[in-house]
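Chemist: Once you've had a glance at the structure underneath, I'll fire off some questions.
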Amino acid sequence: MQEKKLFVRKELGDNVKKVKPEYNLDEYFKNAHKELTLQQNKRDQIITIYLAIFSFLIPFALSLESIDWLYKGLIFIAVGVIGMLFAFIVVRYRVYKEIYWLCCQTLTVLNNYNEEDLKKDVVQEIFYQCLDKKGKKYVKTSKKSNAKKFDNLAFIKRNLFSSETIHFTIEAFIASAITGFGVGLICPVATLYAVLIGAVLGLIIFVLLHVQYFSHLKKVYNVLIDGLDSSFNWTFSKAWFLHFYVD
């Protein structure tokens with residue numbers, strides 16, 4: 001048998017680094033802003049695709065007189081599950097859009113610093129300052145214990161009527177309503193109880209999707225509450241336009 005060759009790492013010395021590194025912050029900003037816009041476009045495409053699936057499959061299922069209502073209900077549930085999966089993708093795009101916006105703010109501030117000083121600690125500190133500037137209005141400090149707590153109500157109220165949240169709400173409403181309606185169709189109980197079960201389930205799904213949405217968005221600012229390195233790294237690891245430094 002041929003012996004497998006191990007990968008050998010090469011240690012790089014300081015002599016191979018530039019004495020004065022050159023960072024094109026304007027170009028980084030343009031790319032970050034472009035990616036921010038792209039997240040929004042991806043979200044719109046996901047919602048458009050789902051609306052197309054919804055507008056085709058649901059009328060198609062209702063128009064088929066040859067199949068039982070049980071199978072029609074299963075089609076409704078399948079379309080609803082697809083909508084929930086799309087909702088998770090939209091949440092991911094929303095989180096990245098929030099972080100890329102923080103990237104743009106950070107890169108703007110970094111223009112005030114010398115290029116040779118743009119080390120890891122400087123970049124991360126400026127990123128934290130931008131994070132704190134935007135998120136501190138959601139942080140409450142207890143007068144008794146001096147413990148920090150996230151103001152969920154203020155956070156939800158601040159973001160509830162944003163275009164991103166409204167887009168998500170529309171998609172989540174369709175997905176939860178269709179799923180609830182499908183479950184109501186296949187329930188082997190009286191019509192009134194089937195309608196009630198479907199409505200309650202749809203409402204639960206709608207609420208849980210929004211819990212998922214706001215909890216993931218809130219996670220971006222967790223470091224302001226717990227001060228943990230892992231919380232900061234969770235957010236900063238996604239701000240990959242800021243990982244240009246060499247230490």
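As shown in the structure tokens, the chain order sets the letters A, B, ...; within each chain, residues go from 1, and ligands are also counted from 1 in the order they appear.
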Excluding region 27-43 of chain A and any residue of its chain fewer than 3 positions from it, enumerate the residues within 10 Å of it, using only C-alpha atoms, and give them as number ranges by chain.
Modeler: A: 23-24, 46-49, 86-87, 89-108, 164, 167-168, 239-242, 244
Chemist: Quick one: residues within 6 Å of region 216-220 of chain A, only C-alpha atoms, excluding same-chain residues fewer than 2 positions away - as an mmCIF file with C-alpha atoms, in the first residue's frame?
Modeler:
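Output (result12.cif):
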data_model
loop_
_atom_site.group_PDB
_atom_site.id
_atom_site.type_symbol
_atom_site.label_atom_id
_atom_site.label_comp_id
_atom_site.auth_asym_id
_atom_site.auth_seq_id
_atom_site.Cartn_x
_atom_site.Cartn_y
_atom_site.Cartn_z
ATOM 1 C CA VAL A 95 -28.786 38.116 10.979
ATOM 2 C CA TYR A 213 -36.519 35.453 14.311
ATOM 3 C CA PHE A 214 -36.067 37.804 17.265
ATOM 4 C CA ASN A 222 -25.474 38.992 23.500
ATOM 5 C CA THR A 235 -21.008 37.744 16.018
#
Chemist: Please extract the residues of region 42-221 of chain A with a backbone DSSP assignment of strand (DSSP E or B) and present them as a list in words.
Modeler: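 After running DSSP on the backbone, region 42-221 of chain A has strand (DSSP E or B) at Val139, Lys140, Thr141, Lys148, Lys149 and Phe150 of chain A.
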Chemist: Those same residues - all heavy atoms - I'd like them written as a PDB file, in the first residue's frame.
Modeler:
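The resulting selection_11.pdb:
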ATOM      1  N   VAL A 139     -30.250  47.467  26.423  1.00  0.00           N
ATOM      2  CA  VAL A 139     -29.654  46.900  27.635  1.00  0.00           C
ATOM      3  C   VAL A 139     -30.133  47.659  28.862  1.00  0.00           C
ATOM      4  O   VAL A 139     -30.026  48.888  28.921  1.00  0.00           O
ATOM      5  CB  VAL A 139     -28.111  46.933  27.562  1.00  0.00           C
ATOM      6  CG1 VAL A 139     -27.501  46.372  28.837  1.00  0.00           C
ATOM      7  CG2 VAL A 139     -27.619  46.150  26.347  1.00  0.00           C
ATOM      8  N   LYS A 140     -30.651  46.927  29.824  1.00  0.00           N
ATOM      9  CA  LYS A 140     -31.081  47.503  31.096  1.00  0.00           C
ATOM     10  C   LYS A 140     -30.165  46.999  32.209  1.00  0.00           C
ATOM     11  O   LYS A 140     -29.807  45.830  32.227  1.00  0.00           O
ATOM     12  CB  LYS A 140     -32.534  47.123  31.398  1.00  0.00           C
ATOM     13  CG  LYS A 140     -33.550  47.682  30.415  1.00  0.00           C
ATOM     14  CD  LYS A 140     -34.981  47.515  30.918  1.00  0.00           C
ATOM     15  CE  LYS A 140     -35.334  46.068  31.130  1.00  0.00           C
ATOM     16  NZ  LYS A 140     -36.757  45.886  31.517  1.00  0.00           N
ATOM     17  N   THR A 141     -29.810  47.892  33.114  1.00  0.00           N
ATOM     18  CA  THR A 141     -28.953  47.529  34.238  1.00  0.00           C
ATOM     19  C   THR A 141     -29.738  47.623  35.541  1.00  0.00           C
ATOM     20  O   THR A 141     -30.345  48.656  35.829  1.00  0.00           O
ATOM     21  CB  THR A 141     -27.717  48.449  34.317  1.00  0.00           C
ATOM     22  OG1 THR A 141     -27.016  48.401  33.069  1.00  0.00           O
ATOM     23  CG2 THR A 141     -26.784  48.011  35.432  1.00  0.00           C
ATOM     24  N   LYS A 148     -26.837  43.142  34.073  1.00  0.00           N
ATOM     25  CA  LYS A 148     -27.377  43.623  32.813  1.00  0.00           C
ATOM     26  C   LYS A 148     -28.437  42.651  32.297  1.00  0.00           C
ATOM     27  O   LYS A 148     -28.309  41.439  32.432  1.00  0.00           O
ATOM     28  CB  LYS A 148     -26.269  43.793  31.776  1.00  0.00           C
ATOM     29  CG  LYS A 148     -25.296  44.918  32.100  1.00  0.00           C
ATOM     30  CD  LYS A 148     -24.250  45.074  31.018  1.00  0.00           C
ATOM     31  CE  LYS A 148     -23.308  46.231  31.314  1.00  0.00           C
ATOM     32  NZ  LYS A 148     -22.275  46.389  30.261  1.00  0.00           N
ATOM     33  N   LYS A 149     -29.463  43.223  31.677  1.00  0.00           N
ATOM     34  CA  LYS A 149     -30.556  42.419  31.142  1.00  0.00           C
ATOM     35  C   LYS A 149     -31.007  43.008  29.822  1.00  0.00           C
ATOM     36  O   LYS A 149     -31.040  44.229  29.653  1.00  0.00           O
ATOM     37  CB  LYS A 149     -31.727  42.379  32.133  1.00  0.00           C
ATOM     38  CG  LYS A 149     -32.888  41.508  31.698  1.00  0.00           C
ATOM     39  CD  LYS A 149     -33.986  41.522  32.737  1.00  0.00           C
ATOM     40  CE  LYS A 149     -35.164  40.669  32.289  1.00  0.00           C
ATOM     41  NZ  LYS A 149     -36.272  40.712  33.289  1.00  0.00           N
ATOM     42  N   PHE A 150     -31.328  42.127  28.875  1.00  0.00           N
ATOM     43  CA  PHE A 150     -31.772  42.582  27.565  1.00  0.00           C
ATOM     44  C   PHE A 150     -33.241  42.985  27.625  1.00  0.00           C
ATOM     45  O   PHE A 150     -34.079  42.244  28.135  1.00  0.00           O
ATOM     46  CB  PHE A 150     -31.579  41.476  26.527  1.00  0.00           C
ATOM     47  CG  PHE A 150     -31.466  41.985  25.116  1.00  0.00           C
ATOM     48  CD1 PHE A 150     -30.248  42.378  24.594  1.00  0.00           C
ATOM     49  CD2 PHE A 150     -32.588  42.074  24.305  1.00  0.00           C
ATOM     50  CE1 PHE A 150     -30.133  42.845  23.291  1.00  0.00           C
ATOM     51  CE2 PHE A 150     -32.488  42.537  23.005  1.00  0.00           C
ATOM     52  CZ  PHE A 150     -31.257  42.927  22.498  1.00  0.00           C
TER      53      PHE A 150
END
Chemist: Could you tell me how far CA of Ser176 (chain A) sits from CA of Ile204 (chain A), in Å to one decimal place?
Modeler: 8.1 Å
Chemist: Tell me which of A:Leu74, A:Glu171, A:Gly80, A:Asn15 sits closest to Gln45 (chain A), counting only C-alpha atoms.
Modeler: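 Looking at the shortest contact to Gln45 (chain A), the residue is A:Glu171.
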Chemist: Can you list, as a ChimeraX atom specification, every residue of region 37-214 of chain A that DSSP puts in helix (DSSP H, G or I)?
Modeler: /A:37-63,69-110,115-117,120-138,152-159,163-186,191-214
Chemist: Please write the residues from the selection above to a file, keeping C-alpha atoms, as a tab-separated table (two decimals), in the first residue's frame.
Modeler:
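File written: out_6.tsv
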chain	number	residue	atom	x	y	z
A	37	THR	CA	-27.73	44.50	-0.19
A	38	LEU	CA	-27.32	40.96	-1.51
A	39	GLN	CA	-28.75	39.50	1.72
A	40	GLN	CA	-31.86	41.61	1.17
A	41	ASN	CA	-32.13	40.46	-2.44
A	42	LYS	CA	-31.76	36.83	-1.39
A	43	ARG	CA	-34.55	37.32	1.15
A	44	ASP	CA	-36.83	38.80	-1.50
A	45	GLN	CA	-36.04	35.92	-3.86
A	46	ILE	CA	-36.86	33.34	-1.18
A	47	ILE	CA	-40.21	34.99	-0.46
A	48	THR	CA	-40.98	35.29	-4.19
A	49	ILE	CA	-40.20	31.61	-4.73
A	50	TYR	CA	-42.43	30.62	-1.82
A	51	LEU	CA	-45.31	32.77	-3.04
A	52	ALA	CA	-44.95	31.12	-6.46
A	53	ILE	CA	-45.09	27.65	-4.87
A	54	PHE	CA	-48.06	28.71	-2.77
A	55	SER	CA	-49.99	30.26	-5.66
A	56	PHE	CA	-49.47	27.14	-7.81
A	57	LEU	CA	-49.86	24.18	-5.45
A	58	ILE	CA	-52.76	25.39	-3.31
A	59	PRO	CA	-55.18	26.22	-6.17
A	60	PHE	CA	-54.00	23.01	-7.88
A	61	ALA	CA	-54.80	20.92	-4.80
A	62	LEU	CA	-58.20	22.54	-4.35
A	63	SER	CA	-59.10	22.02	-8.01
A	69	TRP	CA	-59.44	15.84	1.33
A	70	LEU	CA	-56.86	13.86	3.33
A	71	TYR	CA	-54.36	14.12	0.49
A	72	LYS	CA	-55.26	17.74	-0.12
A	73	GLY	CA	-54.51	18.38	3.55
A	74	LEU	CA	-51.13	16.68	3.18
A	75	ILE	CA	-50.32	18.95	0.23
A	76	PHE	CA	-51.22	21.96	2.38
A	77	ILE	CA	-48.97	20.71	5.18
A	78	ALA	CA	-46.09	20.09	2.74
A	79	VAL	CA	-46.37	23.65	1.41
A	80	GLY	CA	-46.48	24.93	5.01
A	81	VAL	CA	-43.35	22.97	5.98
A	82	ILE	CA	-41.53	24.39	2.93
A	83	GLY	CA	-42.56	27.84	4.12
A	84	MET	CA	-41.17	27.19	7.60
A	85	LEU	CA	-37.84	26.04	6.13
A	86	PHE	CA	-37.74	29.17	4.00
A	87	ALA	CA	-38.48	31.21	7.13
A	88	PHE	CA	-35.35	29.78	8.80
A	89	ILE	CA	-33.31	30.84	5.76
A	90	VAL	CA	-34.81	34.35	5.91
A	91	VAL	CA	-33.79	34.56	9.59
A	92	ARG	CA	-30.23	33.68	8.62
A	93	TYR	CA	-30.18	36.39	5.95
A	94	ARG	CA	-31.54	38.90	8.47
A	95	VAL	CA	-28.79	38.12	10.98
A	96	TYR	CA	-26.08	38.50	8.36
A	97	LYS	CA	-27.60	41.76	7.16
A	98	GLU	CA	-27.42	43.12	10.72
A	99	ILE	CA	-23.78	42.09	11.06
A	100	TYR	CA	-22.77	43.44	7.64
A	101	TRP	CA	-24.30	46.77	8.61
A	102	LEU	CA	-22.06	46.75	11.68
A	103	CYS	CA	-19.14	45.91	9.36
A	104	CYS	CA	-19.86	49.01	7.29
A	105	GLN	CA	-19.96	51.17	10.41
A	106	THR	CA	-16.71	49.67	11.68
A	107	LEU	CA	-14.88	50.15	8.37
A	108	THR	CA	-15.99	53.79	8.29
A	109	VAL	CA	-14.49	54.40	11.74
A	110	LEU	CA	-11.29	52.49	10.90
A	115	GLU	CA	-2.89	51.29	8.65
A	116	GLU	CA	0.02	49.95	10.70
A	117	ASP	CA	-2.18	50.12	13.82
A	120	LYS	CA	-6.76	42.38	15.68
A	121	ASP	CA	-7.40	44.09	19.02
A	122	VAL	CA	-8.00	47.49	17.38
A	123	VAL	CA	-10.41	46.11	14.77
A	124	GLN	CA	-12.34	44.11	17.35
A	125	GLU	CA	-12.52	47.06	19.73
A	126	ILE	CA	-13.97	49.34	17.05
A	127	PHE	CA	-16.43	46.61	16.06
A	128	TYR	CA	-17.48	46.27	19.70
A	129	GLN	CA	-17.95	50.03	19.99
A	130	CYS	CA	-20.24	50.03	16.93
A	131	LEU	CA	-22.08	47.03	18.37
A	132	ASP	CA	-22.48	48.78	21.70
A	133	LYS	CA	-23.58	52.07	20.12
A	134	LYS	CA	-26.44	50.34	18.31
A	135	GLY	CA	-27.37	47.83	20.98
A	136	LYS	CA	-27.00	49.75	24.25
A	137	LYS	CA	-30.57	51.08	24.02
A	138	TYR	CA	-31.74	47.49	24.51
A	152	ASN	CA	-36.81	42.25	24.83
A	153	LEU	CA	-39.90	44.45	24.62
A	154	ALA	CA	-37.92	47.50	23.46
A	155	PHE	CA	-36.02	45.34	20.97
A	156	ILE	CA	-39.21	43.89	19.48
A	157	LYS	CA	-40.94	47.28	19.35
A	158	ARG	CA	-37.90	48.81	17.63
A	159	ASN	CA	-37.78	46.11	14.95
A	163	SER	CA	-39.43	46.26	6.31
A	164	GLU	CA	-37.37	43.13	7.11
A	165	THR	CA	-39.73	42.07	9.90
A	166	ILE	CA	-42.85	42.80	7.84
A	167	HIS	CA	-41.52	40.70	4.97
A	168	PHE	CA	-40.79	37.87	7.41
A	169	THR	CA	-44.22	38.21	9.04
A	170	ILE	CA	-45.98	37.86	5.69
A	171	GLU	CA	-44.02	34.72	4.84
A	172	ALA	CA	-44.47	33.27	8.34
A	173	PHE	CA	-48.20	34.00	8.31
A	174	ILE	CA	-48.73	32.17	5.02
A	175	ALA	CA	-46.65	29.18	6.15
A	176	SER	CA	-48.37	28.89	9.55
A	177	ALA	CA	-51.89	29.43	8.14
A	178	ILE	CA	-51.43	26.80	5.42
A	179	THR	CA	-49.97	24.30	7.88
A	180	GLY	CA	-52.81	24.86	10.33
A	181	PHE	CA	-55.39	24.55	7.55
A	182	GLY	CA	-53.80	21.32	6.32
A	183	VAL	CA	-53.81	19.80	9.80
A	184	GLY	CA	-57.45	20.83	10.19
A	185	LEU	CA	-58.31	19.01	6.94
A	186	ILE	CA	-56.75	15.70	8.01
A	191	THR	CA	-65.45	20.06	11.69
A	192	LEU	CA	-65.61	22.64	14.47
A	193	TYR	CA	-62.89	20.90	16.48
A	194	ALA	CA	-60.76	20.41	13.35
A	195	VAL	CA	-60.97	24.13	12.59
A	196	LEU	CA	-60.05	24.95	16.20
A	197	ILE	CA	-57.08	22.57	16.21
A	198	GLY	CA	-55.81	23.96	12.89
A	199	ALA	CA	-56.19	27.57	14.05
A	200	VAL	CA	-54.39	26.95	17.35
A	201	LEU	CA	-51.57	25.07	15.64
A	202	GLY	CA	-51.20	27.80	13.03
A	203	LEU	CA	-51.01	30.44	15.75
A	204	ILE	CA	-48.40	28.45	17.66
A	205	ILE	CA	-46.23	28.06	14.54
A	206	PHE	CA	-46.60	31.77	13.76
A	207	VAL	CA	-45.45	32.72	17.27
A	208	LEU	CA	-42.58	30.21	17.31
A	209	LEU	CA	-41.27	31.48	13.97
A	210	HIS	CA	-41.17	35.01	15.37
A	211	VAL	CA	-39.46	33.78	18.54
A	212	GLN	CA	-36.84	32.22	16.27
A	213	TYR	CA	-36.52	35.45	14.31
A	214	PHE	CA	-36.07	37.80	17.27
